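S.K.: I'm passing along query.txt; it holds compact mmCIF, C-alpha atoms and all ligand atoms.
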# COMPACT_ATOMS: atom_id res chain seq x y z
CA MET L 1 54.20 182.99 121.72
CA GLU L 2 54.74 179.67 123.39
CA ARG L 3 52.17 177.13 124.46
CA LEU L 4 52.62 174.49 127.10
CA CYS L 5 51.23 170.98 126.88
CA PRO L 6 48.10 170.75 129.08
CA VAL L 7 49.26 167.33 130.27
CA HIS L 8 53.03 167.72 130.65
CA ALA L 9 53.45 171.47 130.91
CA THR L 10 56.34 171.19 128.47
CA PRO L 11 56.76 173.63 125.60
CA MET L 12 55.10 172.49 122.42
CA GLU L 13 56.14 172.86 118.83
CA SER L 14 54.10 175.09 116.57
CA ARG L 15 52.71 173.31 113.52
CA GLY L 16 50.67 175.77 111.54
CA LYS L 17 47.38 176.14 113.41
CA LEU L 18 48.20 173.24 115.71
CA TRP L 19 50.60 172.61 118.56
CA HIS L 20 52.49 169.36 118.81
CA CYS L 21 53.66 167.74 122.06
CA GLU L 22 56.61 165.39 121.59
CA THR L 23 55.89 163.57 124.84
CA CYS L 24 52.19 163.00 124.08
CA ALA L 25 52.88 162.46 120.38
CA ALA L 26 49.64 164.37 119.95
CA ASN L 27 48.43 167.64 118.50
CA TYR L 28 46.48 170.31 120.29
CA ARG L 29 44.57 173.29 119.04
CA VAL L 30 43.57 176.51 120.73
CA ARG L 31 39.85 176.75 121.36
CA GLY L 32 38.33 180.15 122.02
CA GLU L 33 35.20 180.66 124.05
CA CYS L 34 33.12 183.83 124.16
CA ALA L 35 33.16 185.43 127.61
CA ASP L 36 29.78 187.03 126.87
CA CYS L 37 27.68 184.07 125.71
CA GLY L 38 29.90 181.02 126.26
CA SER L 39 29.80 179.67 122.71
CA GLU L 40 32.81 178.52 120.75
CA LEU L 41 34.45 181.23 118.67
CA GLU L 42 35.76 181.03 115.16
CA LYS L 43 39.34 182.11 114.66
CA ILE L 44 39.85 184.48 111.78
CA ALA L 45 43.40 185.20 110.66
CA ALA L 46 43.84 188.38 108.70
CA CYS L 47 46.85 190.59 107.96
CA GLY L 48 49.07 188.69 110.38
CA ALA L 49 46.71 189.29 113.29
CA SER L 50 44.14 186.83 114.50
CA ASN L 51 40.65 187.76 115.56
CA TRP L 52 37.90 185.81 117.18
CA TRP L 53 34.38 185.87 115.76
CA CYS L 54 31.30 184.91 117.75
CA ASN L 55 28.46 183.50 115.68
CA ARG L 56 25.96 183.97 118.46
CA CYS L 57 26.83 187.58 119.34
CA ASN L 58 27.47 188.25 115.64
CA GLU L 59 30.56 190.33 116.34
CA LEU L 60 34.32 190.22 116.66
CA LYS L 61 35.62 189.73 120.16
CA SER L 62 38.65 191.46 121.57
CA LYS L 63 41.22 189.27 123.30
CA SER L 64 40.00 190.37 126.73
CA LYS L 65 36.59 188.84 125.95
CA VAL L 66 38.01 185.51 124.80
CA LYS L 67 38.78 182.56 127.04
CA THR L 68 41.25 180.22 125.37
CA GLU L 69 42.14 176.65 126.21
CA LEU L 70 44.03 173.83 124.53
CA VAL L 71 42.06 170.85 123.36
CA ALA L 72 43.16 167.67 121.58
CA ALA L 73 43.01 168.11 117.82
ZN ZN K 1 52.18 166.31 126.33
ZN ZN K 2 29.25 185.48 122.09
Let's see the structure in the file written out as C-alpha cells.
M.R.:
Amino acid sequence: MERLCPVHATPMESRGKLWHCETCAANYRVRGECADCGSELEKIAACGASNWWCNRCNELKSKSKVKTELVAA
C-alpha cells in the first residue's frame, strides 16, 4: 500500500506507523474517523491485519465504515 503526501502528492516512505515525506521533511500518520458517529478511531493491529475501534460506538468498524486521512504527526 502506498500513501501520497497530502501537500506534494509524491509517494511517501513507510516508517513503522508513520509516513515520511522527503520533500516536506515531515511525518504523517493515518487518522481514521467513524462514518457512523464522526469520532476518531483507534487503530488496532492484530495478526498482520489492522482494525479500527470506535470508542463511542463501542465496536470494531469495517473498512467501509472508516474515513481515513493523513494528518501531520
Ligand atoms: Zn510533502
Ligand atoms: Zn462510531
S.K.: Go ahead and find all residues with at least one atom no further than 6 Å from (34.4, 181.3, 124.4) in the file's coordinates, using all atoms listed in the file; report them as a PyMOL selection string.
M.R.: chain L and resi 32-35+38-41+66-67
S.K.: Neighbours of range 11-25 of chain L within 8 Å (all atoms listed in the file; same-chain residues fewer than 5 positions away dropped), as a PDB file with C-alpha atoms, in the frame of the given file?
M.R.:
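Now in part.pdb:
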ATOM      1  CA  GLU L   2      54.740 179.670 123.390  1.00  0.00           C
ATOM      2  CA  ARG L   3      52.170 177.130 124.460  1.00  0.00           C
ATOM      3  CA  LEU L   4      52.620 174.490 127.100  1.00  0.00           C
ATOM      4  CA  CYS L   5      51.230 170.980 126.880  1.00  0.00           C
ATOM      5  CA  VAL L  30      43.570 176.510 120.730  1.00  0.00           C
ATOM      6  CA  ALA L  73      43.010 168.110 117.820  1.00  0.00           C
TER       7      ALA L  73
END
S.K.: CA of Asn27 in chain L and CA of Pro6 in chain L are how many Å apart?
M.R.: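 Going from CA of Asn27 in chain L over to CA of Pro6 in chain L, I get 11.0 Å.
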S.K.: Tell me, in Å to one decimal, how far CA of Lys63 in chain L is from CA of Tyr28 in chain L.
M.R.: 19.9 Å
S.K.: One decimal, Å: what's the distance from CA of Ala45 in chain L over to CA of Val7 in chain L, could you say?
M.R.: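 These atoms are spaced 27.2 Å apart.
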S.K.: Distance limit 6 Å, reference ligand ZN 2 (chain K), atoms considered: only C-alpha atoms and all ligand atoms. Which residues make the cut? Give them as a ChimeraX atom specification.
M.R.: /L:34,36-37,39,54,56-57
S.K.: Of the candidates L:Ala26, L:Cys47, L:Leu60, L:Ala72, which one gets nearest to ligand ZN 1 (chain K) if we count all atoms listed in the file?
M.R.: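 Selected residue with least distance to ligand ZN 1 (chain K): L:Ala26.
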S.K.: Tell me which protein, DNA and RNA residues are within 7 Å of Trp53 in chain L, counting all atoms listed in the file, leaving out same-chain ones fewer than 2 positions away, and put them as a PyMOL selection string.
M.R.: chain L and resi 41-44+51+55+59-61
